[in-house]
Structures are given as C-alpha cells and as structure tokens.
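J.: Provided herewith: query_27.csv, CSV, C-alpha atoms and all ligand atoms.
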```csv
chain,number,residue,atom,x,y,z
A,1,MET,CA,91.1,119.5,101.5
A,2,ASN,CA,88.1,121.0,99.7
A,3,ARG,CA,87.0,123.2,102.4
A,4,PHE,CA,84.1,124.7,100.4
A,5,LEU,CA,82.4,121.4,100.4
A,6,LEU,CA,83.3,120.8,104.1
A,7,ILE,CA,81.8,124.1,105.2
A,8,ALA,CA,78.6,123.3,103.2
A,9,CYS,CA,78.5,120.0,104.9
A,10,LEU,CA,79.0,121.6,108.4
A,11,LEU,CA,76.1,123.9,107.8
A,12,THR,CA,73.7,121.0,107.2
A,13,THR,CA,75.0,118.6,109.8
A,14,PRO,CA,72.9,118.1,113.0
A,15,VAL,CA,74.6,119.3,116.1
A,16,PHE,CA,76.2,116.6,118.2
A,17,ALA,CA,78.1,116.6,121.4
A,18,GLN,CA,81.5,118.2,120.8
A,19,LYS,CA,82.6,118.7,124.3
A,20,THR,CA,86.2,118.3,125.2
A,21,THR,CA,87.5,118.5,128.7
A,22,THR,CA,90.8,120.3,128.0
A,23,LYS,CA,91.5,123.9,127.0
A,24,PRO,CA,90.7,124.8,123.4
A,25,ILE,CA,93.6,125.1,121.0
A,26,ASP,CA,94.6,128.7,120.4
A,27,VAL,CA,94.2,128.6,116.6
A,28,ASP,CA,95.3,132.2,116.1
A,29,ALA,CA,98.4,131.7,118.1
A,30,GLU,CA,99.2,128.5,116.1
A,31,PHE,CA,98.9,130.3,112.8
A,32,ALA,CA,100.8,133.3,114.0
A,33,PHE,CA,103.6,130.9,114.9
A,34,ALA,CA,103.3,129.1,111.6
A,35,ALA,CA,103.6,132.4,109.7
A,36,GLN,CA,106.7,133.4,111.6
A,37,GLN,CA,108.3,129.9,111.3
A,38,TYR,CA,107.7,129.7,107.5
A,39,GLY,CA,108.8,133.3,107.1
A,40,ARG,CA,112.2,132.1,108.5
A,41,MET,CA,112.1,129.0,106.3
A,42,MET,CA,111.8,131.1,103.2
A,43,ALA,CA,114.4,133.6,104.3
A,44,ALA,CA,116.8,130.7,104.8
A,45,ASN,CA,115.8,128.9,101.6
A,46,PRO,CA,114.4,131.4,99.1
A,47,ASP,CA,115.0,129.2,96.0
A,48,THR,CA,111.6,128.0,94.7
A,49,THR,CA,113.2,125.0,93.0
A,50,LYS,CA,114.2,123.6,96.4
A,51,PHE,CA,111.0,122.5,98.2
A,52,PRO,CA,111.3,122.1,101.9
A,53,GLN,CA,110.9,118.4,102.8
A,54,SER,CA,112.6,117.4,106.1
A,55,THR,CA,115.9,117.5,108.0
A,56,ASN,CA,119.0,115.7,106.8
A,57,PRO,CA,120.9,113.3,109.2
A,58,ASP,CA,123.5,116.1,109.6
A,59,GLY,CA,120.8,118.5,110.8
A,60,SER,CA,120.6,120.6,107.7
A,61,LEU,CA,117.4,121.4,105.7
A,62,ASN,CA,116.4,118.7,103.3
A,63,THR,CA,114.8,120.0,100.1
A,64,ARG,CA,113.5,118.2,97.0
A,65,LYS,CA,112.7,119.1,93.4
A,66,SER,CA,109.3,119.8,91.9
A,67,ASP,CA,108.9,116.2,90.7
A,68,TRP,CA,109.0,114.8,94.2
A,69,TRP,CA,105.6,113.8,95.6
A,70,CYS,CA,105.7,116.4,98.4
A,71,SER,CA,106.4,119.5,96.3
A,72,GLY,CA,102.9,120.8,96.7
A,73,PHE,CA,102.7,120.8,100.5
A,74,PHE,CA,104.8,123.9,101.2
A,75,GLY,CA,102.7,126.1,98.8
A,76,GLY,CA,99.5,124.4,100.2
A,77,SER,CA,100.6,125.2,103.7
A,78,LEU,CA,101.3,128.8,102.8
A,79,TRP,CA,97.8,129.1,101.4
A,80,TYR,CA,96.4,127.8,104.7
A,81,ILE,CA,98.5,130.3,106.6
A,82,TYR,CA,97.3,133.1,104.3
A,83,GLU,CA,93.7,132.0,104.7
A,84,ARG,CA,93.9,132.4,108.5
A,85,THR,CA,96.3,135.4,108.8
A,86,LYS,CA,95.4,137.3,105.6
A,87,GLN,CA,99.0,138.5,105.4
A,88,PRO,CA,99.6,139.8,101.9
A,89,ALA,CA,103.2,138.5,102.1
A,90,MET,CA,101.9,135.0,102.7
A,91,ARG,CA,99.6,135.3,99.7
A,92,ASP,CA,102.6,136.4,97.5
A,93,ALA,CA,104.8,133.6,98.8
A,94,ALA,CA,102.0,131.0,98.4
A,95,HIS,CA,101.6,132.1,94.8
A,96,ARG,CA,105.4,131.8,94.1
A,97,TRP,CA,105.7,128.4,95.7
A,98,THR,CA,102.5,127.2,93.9
A,99,MET,CA,103.6,128.3,90.5
A,100,ALA,CA,106.9,126.6,91.1
A,101,VAL,CA,105.1,123.2,90.8
A,102,ALA,CA,103.2,124.1,87.6
A,103,LYS,CA,105.5,122.3,85.2
A,104,GLU,CA,104.5,119.0,86.8
A,105,GLN,CA,101.0,119.3,85.2
A,106,ASP,CA,102.4,117.2,82.3
A,107,ASN,CA,104.1,114.6,84.4
A,108,THR,CA,102.5,111.3,83.6
A,109,GLY,CA,105.2,109.3,85.5
A,110,THR,CA,103.6,109.7,88.9
A,111,HIS,CA,100.3,109.0,90.6
A,112,ASP,CA,100.9,111.7,93.2
A,113,LEU,CA,99.6,114.7,91.1
A,114,GLY,CA,96.8,115.1,93.6
A,115,PHE,CA,99.3,115.9,96.4
A,116,MET,CA,101.5,117.9,94.1
A,117,LEU,CA,98.9,120.0,92.3
A,118,TYR,CA,95.7,120.0,94.3
A,119,CYS,CA,97.2,120.9,97.6
A,120,PRO,CA,98.8,124.2,96.3
A,121,PHE,CA,96.7,125.0,93.2
A,122,GLY,CA,93.4,123.7,94.7
A,123,ASN,CA,93.8,125.9,97.8
A,124,GLY,CA,95.0,128.8,95.8
A,125,TYR,CA,92.1,128.5,93.4
A,126,ARG,CA,89.6,128.2,96.3
A,127,LEU,CA,91.0,131.4,97.9
A,128,THR,CA,91.7,133.5,94.8
A,129,ARG,CA,89.9,132.1,91.8
A,130,ASN,CA,93.0,132.7,89.7
A,131,PRO,CA,92.2,131.1,86.4
A,132,ALA,CA,95.8,130.1,85.8
A,133,TYR,CA,95.6,127.7,88.8
A,134,LYS,CA,92.5,126.1,87.3
A,135,SER,CA,94.2,125.5,84.0
A,136,VAL,CA,97.2,123.8,85.5
A,137,MET,CA,94.9,121.5,87.5
A,138,LEU,CA,92.7,120.5,84.6
A,139,THR,CA,95.8,119.5,82.6
A,140,GLY,CA,97.2,117.7,85.7
A,141,ALA,CA,94.1,115.7,86.2
A,142,LYS,CA,94.3,114.5,82.7
A,143,SER,CA,97.9,113.5,83.2
A,144,LEU,CA,96.9,111.6,86.3
A,145,ALA,CA,94.1,109.8,84.5
A,146,THR,CA,96.6,108.3,82.0
A,147,ARG,CA,97.7,106.0,84.8
A,148,PHE,CA,94.3,104.4,85.0
A,149,HIS,CA,93.8,101.3,82.8
A,150,PRO,CA,90.3,99.9,82.6
A,151,ASP,CA,91.5,96.3,82.4
A,152,TYR,CA,93.0,96.8,85.9
A,153,GLY,CA,90.4,99.1,87.3
A,154,VAL,CA,92.9,101.1,89.4
A,155,ILE,CA,95.4,103.9,89.0
A,156,LYS,CA,98.9,102.6,88.8
A,157,SER,CA,101.1,104.0,91.5
A,158,TRP,CA,104.6,103.0,90.6
A,159,ASN,CA,106.0,101.7,87.4
A,160,LYS,CA,107.8,98.8,89.0
A,161,PHE,CA,108.0,97.2,92.5
A,162,ARG,CA,110.6,94.7,93.7
A,163,ASP,CA,111.8,94.3,90.1
A,164,LYS,CA,109.0,91.9,89.2
A,165,TYR,CA,105.7,93.7,89.6
A,166,ASP,CA,104.6,96.0,86.9
A,167,TYR,CA,101.3,97.3,88.3
A,168,PRO,CA,101.7,98.2,92.0
A,169,VAL,CA,99.1,100.3,93.8
A,170,ILE,CA,99.7,101.8,97.2
A,171,ILE,CA,97.1,102.8,99.7
A,172,ASP,CA,98.4,106.4,99.5
A,173,ASN,CA,96.8,106.7,96.1
A,174,MET,CA,93.4,107.1,97.7
A,175,MET,CA,94.6,110.6,98.4
A,176,ASN,CA,94.7,111.6,94.7
A,177,LEU,CA,91.0,110.9,94.1
A,178,GLU,CA,89.8,114.2,95.5
A,179,PHE,CA,91.6,115.9,92.7
A,180,LEU,CA,89.8,113.9,90.1
A,181,PHE,CA,86.4,114.7,91.6
A,182,TRP,CA,87.3,118.4,91.5
A,183,ALA,CA,88.4,118.1,87.9
A,184,ALA,CA,85.3,116.1,86.9
A,185,ARG,CA,83.1,118.8,88.3
A,186,GLU,CA,85.0,121.7,86.8
A,187,SER,CA,85.4,120.1,83.3
A,188,GLY,CA,82.2,118.1,83.1
A,189,ASP,CA,84.4,115.0,82.2
A,190,LYS,CA,82.5,112.2,84.0
A,191,SER,CA,85.3,109.7,83.1
A,192,LEU,CA,87.4,111.3,85.9
A,193,TYR,CA,84.7,110.7,88.4
A,194,ASN,CA,84.3,107.1,87.2
A,195,ILE,CA,88.1,106.5,87.5
A,196,ALA,CA,88.0,107.7,91.1
A,197,VAL,CA,85.0,105.4,92.0
A,198,SER,CA,86.6,102.4,90.2
A,199,HIS,CA,89.9,102.9,92.1
A,200,ALA,CA,88.2,103.2,95.4
A,201,ASP,CA,85.9,100.2,94.9
A,202,ASN,CA,88.8,97.9,93.9
A,203,THR,CA,90.8,99.3,96.8
A,204,ILE,CA,88.0,98.3,99.2
A,205,LYS,CA,88.0,94.9,97.6
A,206,ASN,CA,91.7,94.2,97.7
A,207,HIS,CA,93.6,96.4,100.0
A,208,PHE,CA,92.2,95.6,103.5
A,209,HIS,CA,92.5,93.0,106.1
A,210,PRO,CA,89.2,91.7,107.7
A,211,ASN,CA,89.9,94.1,110.6
A,212,TYR,CA,90.0,97.0,108.2
A,213,SER,CA,93.6,97.8,108.5
A,214,GLY,CA,95.2,98.3,105.1
A,215,TYR,CA,98.1,96.7,103.2
A,216,HIS,CA,100.6,99.2,101.8
A,217,VAL,CA,101.2,97.8,98.3
A,218,ILE,CA,98.9,95.6,96.1
A,219,CYS,CA,100.5,94.2,93.0
A,220,TYR,CA,98.0,93.7,90.1
A,221,ALA,CA,98.0,91.6,86.9
A,222,PRO,CA,95.8,92.3,83.9
A,223,GLY,CA,92.2,91.7,84.6
A,224,GLY,CA,92.6,93.2,88.0
A,225,LYS,CA,94.0,89.9,89.5
A,226,VAL,CA,95.9,90.4,92.7
A,227,LEU,CA,99.4,88.9,92.5
A,228,ALA,CA,100.8,90.0,95.9
A,229,LYS,CA,100.0,92.0,99.0
A,230,LEU,CA,103.1,93.6,100.3
A,231,ASN,CA,104.8,96.3,102.4
A,232,HIS,CA,107.2,99.1,101.5
A,233,GLN,CA,107.3,101.7,104.3
A,234,GLY,CA,105.8,99.8,107.1
A,235,TYR,CA,107.2,97.1,109.4
A,236,SER,CA,106.1,94.0,107.5
A,237,ASP,CA,103.7,92.8,104.8
A,238,GLU,CA,101.0,92.0,107.3
A,239,SER,CA,101.5,94.9,109.7
A,240,ALA,CA,99.5,98.2,109.8
A,241,TRP,CA,101.7,101.0,108.6
A,242,SER,CA,100.3,104.0,110.5
A,243,ARG,CA,100.4,106.7,107.8
A,244,GLY,CA,98.8,104.2,105.4
A,245,GLN,CA,95.9,103.8,107.7
A,246,SER,CA,95.6,107.6,107.9
A,247,TRP,CA,95.7,107.9,104.1
A,248,ALA,CA,92.9,105.3,103.8
A,249,LEU,CA,90.8,107.0,106.5
A,250,TYR,CA,91.1,110.4,104.8
A,251,GLY,CA,90.5,108.9,101.3
A,252,TYR,CA,87.3,107.1,102.2
A,253,THR,CA,86.0,110.1,104.1
A,254,VAL,CA,86.5,112.1,100.9
A,255,MET,CA,84.8,109.4,98.8
A,256,TYR,CA,81.7,109.6,101.0
A,257,ARG,CA,81.7,113.5,100.8
A,258,GLU,CA,82.0,113.3,97.0
A,259,THR,CA,79.6,110.5,96.2
A,260,LYS,CA,77.3,110.2,99.2
A,261,ASP,CA,77.6,106.4,98.7
A,262,ARG,CA,77.2,105.0,102.2
A,263,LYS,CA,79.6,102.1,101.6
A,264,TYR,CA,82.4,104.6,101.7
A,265,LEU,CA,81.2,106.1,104.9
A,266,GLU,CA,81.1,102.6,106.4
A,267,GLN,CA,84.6,102.0,105.2
A,268,ALA,CA,85.9,105.2,106.7
A,269,ARG,CA,84.2,104.5,110.0
A,270,HIS,CA,85.7,101.0,110.1
A,271,ILE,CA,89.2,102.4,109.5
A,272,ALA,CA,88.7,105.1,112.1
A,273,ASP,CA,87.6,102.4,114.6
A,274,PHE,CA,90.7,100.3,113.8
A,275,ILE,CA,92.9,103.3,114.5
A,276,LEU,CA,91.1,104.6,117.6
A,277,ASN,CA,90.5,101.2,119.3
A,278,ASN,CA,93.9,99.9,118.6
A,279,PRO,CA,95.6,98.8,121.8
A,280,ASN,CA,98.9,100.2,120.4
A,281,LEU,CA,97.5,103.8,120.0
A,282,PRO,CA,99.2,105.8,122.7
A,283,ALA,CA,97.3,107.9,125.2
A,284,ASP,CA,98.1,111.1,123.3
A,285,LYS,CA,96.6,109.5,120.2
A,286,ILE,CA,99.7,110.1,118.0
A,287,PRO,CA,100.5,106.7,116.5
A,288,TYR,CA,103.8,104.9,116.5
A,289,TRP,CA,105.1,104.7,112.9
A,290,ASP,CA,103.5,101.2,112.6
A,291,PHE,CA,100.8,99.8,114.8
A,292,ASN,CA,102.7,96.5,114.8
A,293,ALA,CA,106.2,97.9,115.1
A,294,PRO,CA,108.2,95.3,117.1
A,295,ASN,CA,109.5,97.5,120.0
A,296,ILE,CA,106.5,99.5,121.1
A,297,PRO,CA,106.5,101.5,123.4
A,298,THR,CA,110.1,102.5,122.4
A,299,GLU,CA,109.3,102.9,118.7
A,300,GLU,CA,109.2,106.4,117.1
A,301,ARG,CA,105.9,108.2,116.8
A,302,ASP,CA,104.7,109.5,113.4
A,303,ALA,CA,103.2,113.0,113.9
A,304,SER,CA,102.3,113.0,110.2
A,305,ALA,CA,100.0,110.0,110.7
A,306,GLY,CA,98.4,111.8,113.6
A,307,ALA,CA,97.9,115.1,111.7
A,308,ILE,CA,96.3,113.3,108.6
A,309,ALA,CA,94.0,111.3,110.9
A,310,ALA,CA,93.0,114.3,112.9
A,311,SER,CA,92.0,116.3,109.8
A,312,ALA,CA,90.1,113.3,108.4
A,313,LEU,CA,88.3,112.5,111.7
A,314,LEU,CA,87.1,116.1,111.9
A,315,GLU,CA,85.4,115.7,108.6
A,316,LEU,CA,84.1,112.2,109.4
A,317,SER,CA,82.5,113.6,112.6
A,318,THR,CA,80.3,115.9,110.5
A,319,PHE,CA,78.6,112.9,108.9
A,320,GLY,CA,76.8,112.0,112.2
A,321,GLY,CA,76.4,108.4,113.5
A,322,PRO,CA,76.9,106.9,116.9
A,323,SER,CA,80.7,107.5,116.9
A,324,ALA,CA,80.7,111.1,115.6
A,325,ALA,CA,81.4,112.6,119.0
A,326,ASN,CA,84.2,110.1,119.6
A,327,TYR,CA,85.8,111.0,116.2
A,328,TYR,CA,85.6,114.7,117.0
A,329,GLN,CA,87.0,114.4,120.5
A,330,SER,CA,89.8,112.0,119.3
A,331,ALA,CA,90.8,114.5,116.5
A,332,VAL,CA,90.9,117.4,119.0
A,333,GLN,CA,93.0,115.3,121.3
A,334,MET,CA,95.4,114.6,118.4
A,335,LEU,CA,95.6,118.3,117.5
A,336,GLN,CA,96.1,119.2,121.2
A,337,SER,CA,99.0,116.8,121.4
A,338,LEU,CA,100.5,118.1,118.2
A,339,SER,CA,100.2,121.7,119.4
A,340,GLY,CA,101.9,120.9,122.7
A,341,PRO,CA,105.6,120.9,123.5
A,342,ALA,CA,106.1,117.2,122.7
A,343,TYR,CA,105.5,117.8,118.9
A,344,ARG,CA,105.3,121.5,118.1
A,345,ALA,CA,108.7,123.1,117.4
A,346,ARG,CA,109.9,126.3,119.0
A,347,LEU,CA,110.4,129.4,116.9
A,348,GLY,CA,113.6,129.2,114.7
A,349,GLU,CA,114.2,125.5,115.6
A,350,ASN,CA,113.4,122.3,113.7
A,351,ASN,CA,114.7,123.8,110.4
A,352,ASN,CA,111.7,126.1,110.7
A,353,PHE,CA,109.2,123.2,110.2
A,354,ILE,CA,106.1,123.4,112.5
A,355,LEU,CA,106.0,119.8,113.8
A,356,THR,CA,108.7,117.5,115.0
A,357,HIS,CA,108.7,113.7,115.3
A,358,SER,CA,107.5,112.2,112.0
A,359,VAL,CA,108.7,109.1,110.2
A,360,GLY,CA,109.0,108.9,106.5
A,361,ALA,CA,110.1,105.3,106.1
A,362,LYS,CA,111.8,103.5,108.9
A,363,SER,CA,111.9,100.3,106.9
A,364,LEU,CA,114.1,102.2,104.4
A,365,LYS,CA,116.1,104.0,107.1
A,366,SER,CA,114.8,107.3,105.7
A,367,GLU,CA,113.4,110.3,107.5
A,368,VAL,CA,113.2,108.6,110.9
A,369,ASP,CA,112.0,111.0,113.7
A,370,THR,CA,112.3,114.1,111.6
A,371,PRO,CA,110.0,116.9,110.6
A,372,LEU,CA,108.0,116.2,107.4
A,373,ILE,CA,106.4,118.9,105.3
A,374,TYR,CA,103.1,117.0,104.9
A,375,ALA,CA,102.8,116.7,108.7
A,376,ASP,CA,102.7,120.5,108.8
A,377,TYR,CA,100.2,120.7,105.9
A,378,TYR,CA,97.6,118.4,107.5
A,379,TYR,CA,98.1,119.9,110.9
A,380,LEU,CA,97.3,123.4,109.5
A,381,GLU,CA,94.3,121.9,107.6
A,382,GLY,CA,93.1,120.1,110.8
A,383,LEU,CA,93.3,123.4,112.8
A,384,LEU,CA,91.2,125.2,110.2
A,385,ARG,CA,88.6,122.4,110.3
A,386,TYR,CA,88.6,122.4,114.1
A,387,ASP,CA,88.1,126.1,114.2
A,388,ALA,CA,85.2,125.9,111.7
A,389,LEU,CA,83.5,123.2,113.8
A,390,ARG,CA,83.9,125.2,117.0
A,391,LYS,CA,82.4,128.3,115.5
A,392,LYS,CA,79.5,126.3,114.2
A,393,LYS,CA,79.0,124.9,117.7
A,394,LYS,CA,79.0,128.4,119.2
A,395,ARG,CA,76.4,129.5,116.7
A,396,GLY,CA,74.3,126.5,117.9
B,401,LIG,N1,103.1,108.7,99.9
B,401,LIG,C1,104.3,108.3,100.6
B,401,LIG,C2,104.2,108.3,102.0
B,401,LIG,O1,103.2,108.5,102.7
B,401,LIG,O2,105.3,108.3,102.6
```
For the file at hand, write its structure as structure tokens.
Ligand code: GLY

T.:
Amino acid sequence: MNRFLLIACLLTTPVFAQKTTTKPIDVDAEFAFAAQQYGRMMAANPDTTKFPQSTNPDGSLNTRKSDWWCSGFFGGSLWYIYERTKQPAMRDAAHRWTMAVAKEQDNTGTHDLGFMLYCPFGNGYRLTRNPAYKSVMLTGAKSLATRFHPDYGVIKSWNKFRDKYDYPVIIDNMMNLEFLFWAARESGDKSLYNIAVSHADNTIKNHFHPNYSGYHVICYAPGGKVLAKLNHQGYSDESAWSRGQSWALYGYTVMYRETKDRKYLEQARHIADFILNNPNLPADKIPYWDFNAPNIPTEERDASAGAIAASALLELSTFGGPSAANYYQSAVQMLQSLSGPAYRARLGENNNFILTHSVGAKSLKSEVDTPLIYADYYYLEGLLRYDALRKKKKRG
C-alpha cells in the first residue's frame, strides 16, 4: 500500500524479464471506468455514514458503519482513482469518505485499524500531506498497539472465538502491520516496529502448515502457547482459505520491504509458490474461495483473493530471485482476468462496484458470489503497481 516505498524499491531493482504474451491492460480506461462507476455509487448513496460494502441477497446495495473492518476501503479506492485521474471531484470525495472514518482512531475494540485507517488516511496523506490525516493515524496506531500483549507476543484479533477462546489471532492481522511500521517511522516510537516484528515472527511459527498454507485462526493462551488451530471463513480447519493465503502473501511481502530481513522474503516466496503451484488454481489464476473447497470446479471464485494476491505478487517480483518473472507474469494474468468481462462489471451494474464474483464467507453463508469493496481496492492498487512497473521497464 505504501507506494512511496514501492516506487523507491522499483528504482533500485535490477531489470528482469517482464514479458507477457497478451495485450497490456489499458490502465487509463480502467480508471476512467472506476471514476464513473464510483461517481454513480456516490450519487446513489451520498450518506458518508453508510460505507459501500457489497450487494444484499435482494440485490440492493449493502452498506456498513464506520466501525466495520471495511470502512476505509471506499475512501482508499477514491484516493487511488484520484491519483490516476487527478479529478478534483474525486479528491473532494476521497477527503469526505476518509474523514468519515476518523472517529475510529480511538477504537481499541478491533485489530483492523490498519485496513480502516491506513487505506484511506495513508493514501490521502501520501498524496496530499494533509496534517489532519497524520494525526488521526498516529492516534489510531496507538489504539491498535493496545491489542498487543507481550506475554502472548501477538496482536489480539477478536475478543472471543467459539465462546471459549479469549485470544484468537487471524491470519488477516498480518495486513495491519504496515500501518504500525508507518507510525513507528513517523513518530519515532520503536515499540510499534517491535510489535509488528513480534507478531510476524510468532505468526510464522504458529500459523502455517509445512506446505506454507496458513490456518485462519490460531487461539493462544498466556505465554504464547497455542491452544487450537481453527477455521472461520474457510472450508475446514485444515483447508487453505484463499483470501487468508493472499493476506499472508501480502503481509510477508510488506514485512520484507519494511525490515529487509530475508526470512520474511523467503516466507512470502513460499506462500506465493503454494498459491501459484496449487493444482486447484484455475487457468485464469483467480482462486476458488478455498483451495480445498469440496466441489471444485463448481465452487465460487473469490475475485478479492485474486486482487490481493496480484498486488502483492507485483511487489514481490521487484525483490528479484529466480521466480520474480513468474510472480510478475502471474500477477499480470490475474489483473487481466479481473479486467475482463468475467469479473469486471459494466457501467451502472453491480451496484456500481468495479468487480463481481467475490466471496466474503461461504462457511457463514455471507457475501457469496457478490462484489466486495476490498476486491475493488486491491484491484485498483494492483493496476497502479502494474503501470509503475511497465513504465520502469520501458525506461529500461
Ligand atoms: N478480514 C476478514 C476477511 O478477509 O474476510
């Protein structure tokens, strides 16, 4: 998400083969479409206390309040659209939908403050340097840090799981560490950096199968003892829930960017290889909602898992190594699939979301084969990363 760091990295990365055999994605056209689609979204839903999330079973727009983990993605997406289109109306809208989440800076009841605050405020600050955004984020990072307890060594995700576990940690939580790195740099508070490292190290230790697929939920006891390794949104405790694998891939790619510790690079590469070499990854490289879902190939796809993985793989490809070209080409193939008619909505359809065919939680019968706001967010981010890499390649 921190594209300043990504661009810096691109400028120092050796050139590697980045050839793809198919037509390049028309990034300008994708962003022009996104601007129109989200313009319609805001015309239909102007209330900034109702954050676009998905589609309800009756076909209507599903919205959530600011305390929902996804509240930052709409503002964050608007910033990406503004970044590309430079439309003043997009900048104004991005500001409005960003500030609408500001009150969550004091929320100590969620581990999702990275998603909620860093996606909108982080992008807004990167693009505008508005000091009000920085202040919200520094407070928010401190709120997030209250969920870290040294005796456990990890940030607590939920307050309870299955009525009996008091310290559950979900793989998704790897996505909130980037926010802590930013806050550590900006504030000089090294403890935020140390929390991120401790969380990532314990997650490597406890969250993965020997084949580098990740569990969804690890339940901890004091002293960091693991009580149980469980599932919530995937098919089963031992299955590989697709979005969870994408969160892990993205999270360890960020860990390497932020620390330059090669163990995180190795972890990210192993996760990428699990995803890309998986016999259940379809030819268009958009995963089914779980790599072990029982009825593949008739299971639903999860475009969000594809979009998150594509964005992460593009960054991972910049770190070189024997698989860099494969990571790049696979990411481009994912973005090509998502920008094609199988996944990309048509203007005015899909409740004005950009992508179709995501799965929130089939195990909970929730958001199955629907649009999801975070699929859009990581798709737009992936397109910007793709474009930056292509421009670098042209420069040689
Ligand atoms: N963080 C929740 C999810 O990925 O659905």

J.: In Å to one decimal, how far is atom CA of Tyr215 of chain A from atom CA of Arg243 of chain A?

T.: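 Atom CA of Tyr215 of chain A lies at a distance of 11.2 Å from atom CA of Arg243 of chain A.
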
J.: For ligand LIG 401 (chain B), which of A:Gly76, A:Pro341, A:Gly109, A:Gly244 is the closest residue, counting only C-alpha atoms and all ligand atoms?

T.: A:Gly244

J.: Using only C-alpha atoms and all ligand atoms, find each protein or nucleic acid residue lying at most 8 Å from ligand LIG 401 (chain B); present the set as a list of chain:residue names.

T.: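 Using only C-alpha atoms and all ligand atoms, I find these residues within 8 Å of ligand LIG 401 (chain B): A:Trp69, A:Asp112, A:Asp172, A:Asn173, A:Gln233, A:Arg243, A:Gly244, A:Trp247, A:Gly360, A:Ala361.
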
J.: Pull C-alpha atoms from the residues just selected and write them as a compact mmCIF listing (two decimals), in the coordinates of the input.

T.:
```txt
# COMPACT_ATOMS: atom_id res chain seq x y z
CA TRP A 69 105.60 113.80 95.60
CA ASP A 112 100.90 111.70 93.20
CA ASP A 172 98.40 106.40 99.50
CA ASN A 173 96.80 106.70 96.10
CA GLN A 233 107.30 101.70 104.30
CA ARG A 243 100.40 106.70 107.80
CA GLY A 244 98.80 104.20 105.40
CA TRP A 247 95.70 107.90 104.10
CA GLY A 360 109.00 108.90 106.50
CA ALA A 361 110.10 105.30 106.10
```

J.: Which value, in Å to one decimal, gives the distance between atom CA of Lys365 of chain A and atom CA of Gly214 of chain A?

T.: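 Going from atom CA of Lys365 of chain A over to atom CA of Gly214 of chain A, I get 21.8 Å.
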
J.: Which neighbours of Asn278 of chain A fall inside 12 Å, counting all atoms listed in the file, when residues of the same chain fewer than 2 positions from it are skipped, and could you give them as a ChimeraX atom specification?

T.: /A:211-213,240,242,245,270-276,280-283,285-288,290-292

J.: Let me make sure I understand: among A:Ser77, A:Ser157, A:Thr146, A:Ser337, which one has the smallest atom-to-atom distance to Gly122 of chain A if we use all atoms listed in the file?

T.: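 Nearest to Gly122 of chain A: A:Ser77.
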
J.: Just how far from atom CA of Arg64 of chain A is atom CA of Phe51 of chain A, in Å to one decimal?

T.: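 Computed distance, atom CA of Phe51 of chain A to atom CA of Arg64 of chain A, equals 5.1 Å.
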
J.: Tell me, as number ranges by chain, which residues lie within 10 Å of Ser339 of chain A, counting all atoms listed in the file; anything in the same chain fewer than 5 positions away does not count.

T.: A: 25-27, 30, 333-334, 344-345, 354-355, 379, 383

J.: Got a sec: who's within 10 Å of Ser358 of chain A, counting all atoms listed in the file, leaving out chain neighbours fewer than 6 positions off, as a list in words?

T.: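 Counting all atoms listed in the file, the residues come to Ser54, Arg243, Pro287, Tyr288, Trp289, Glu300, Arg301, Asp302, Ala303, Ser304, Ala305, Gly306, Tyr343, Glu367, Val368, Asp369, Thr370, Pro371, Leu372, Ile373, Tyr374 and Ala375 of chain A.
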
J.: With C-alpha atoms retained, write the just-selected residues as a short mmCIF file (atom, residue, chain, number, x, y, z; two decimals), keeping the file's coordinate frame.

T.:
```
data_model
loop_
_atom_site.label_atom_id
_atom_site.label_comp_id
_atom_site.auth_asym_id
_atom_site.auth_seq_id
_atom_site.Cartn_x
_atom_site.Cartn_y
_atom_site.Cartn_z
CA SER A 54 112.60 117.40 106.10
CA ARG A 243 100.40 106.70 107.80
CA PRO A 287 100.50 106.70 116.50
CA TYR A 288 103.80 104.90 116.50
CA TRP A 289 105.10 104.70 112.90
CA GLU A 300 109.20 106.40 117.10
CA ARG A 301 105.90 108.20 116.80
CA ASP A 302 104.70 109.50 113.40
CA ALA A 303 103.20 113.00 113.90
CA SER A 304 102.30 113.00 110.20
CA ALA A 305 100.00 110.00 110.70
CA GLY A 306 98.40 111.80 113.60
CA TYR A 343 105.50 117.80 118.90
CA GLU A 367 113.40 110.30 107.50
CA VAL A 368 113.20 108.60 110.90
CA ASP A 369 112.00 111.00 113.70
CA THR A 370 112.30 114.10 111.60
CA PRO A 371 110.00 116.90 110.60
CA LEU A 372 108.00 116.20 107.40
CA ILE A 373 106.40 118.90 105.30
CA TYR A 374 103.10 117.00 104.90
CA ALA A 375 102.80 116.70 108.70
#
```

J.: Find the residue from A:Asn350, A:Gln53, A:Asn231, A:Ser60 that sits nearest to Ile170 of chain A; use all atoms listed in the file when measuring.

T.: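 Smallest distance to Ile170 of chain A is found for A:Asn231.
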
J.: Got a sec: who's within 10 Å of Ala44 of chain A, counting only C-alpha atoms, leaving out chain neighbours fewer than 4 positions off, as number ranges by chain?

T.: A: 38-40, 61, 351-352

J.: Got time to write the residues from that selection, C-alpha atoms, as a JSON list (two decimals), in the frame of the given file?

T.:
```
[["chain", "number", "residue", "atom", "x", "y", "z"],
["A", 38, "TYR", "CA", 107.70, 129.70, 107.50],
["A", 39, "GLY", "CA", 108.80, 133.30, 107.10],
["A", 40, "ARG", "CA", 112.20, 132.10, 108.50],
["A", 61, "LEU", "CA", 117.40, 121.40, 105.70],
["A", 351, "ASN", "CA", 114.70, 123.80, 110.40],
["A", 352, "ASN", "CA", 111.70, 126.10, 110.70]]
```

J.: So which one's closest to Thr139 of chain A, A:Asp284, A:Asp387, A:Glu186, A:Asp166? Using all atoms listed in the file, please.

T.: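 Among A:Asp284, A:Asp387, A:Glu186, A:Asp166, it is A:Glu186 that comes nearest to Thr139 of chain A.
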
J.: Do you know which residues are at most 12 Å from Lys205 of chain A counting all atoms listed in the file, after dropping those on the same chain fewer than 4 positions away, and could you put them as a ChimeraX atom specification?

T.: /A:153-154,198-201,209-210,212,214-215,218,224-226,263-264,267

J.: Using all atoms listed in the file, which residue out of A:Asp376, A:Gly124, A:Leu78, A:Leu227 lies closest to Tyr167 of chain A?

T.: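 Going through A:Asp376, A:Gly124, A:Leu78, A:Leu227 one by one, the smallest distance to Tyr167 of chain A is for A:Leu227.
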
J.: Of the candidates A:Ser363, A:His149, A:Glu266, A:Ser143, which one gets nearest to Trp241 of chain A if we count all atoms listed in the file?

T.: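 Of the candidates, the smallest distance to Trp241 of chain A is held by A:Ser363.
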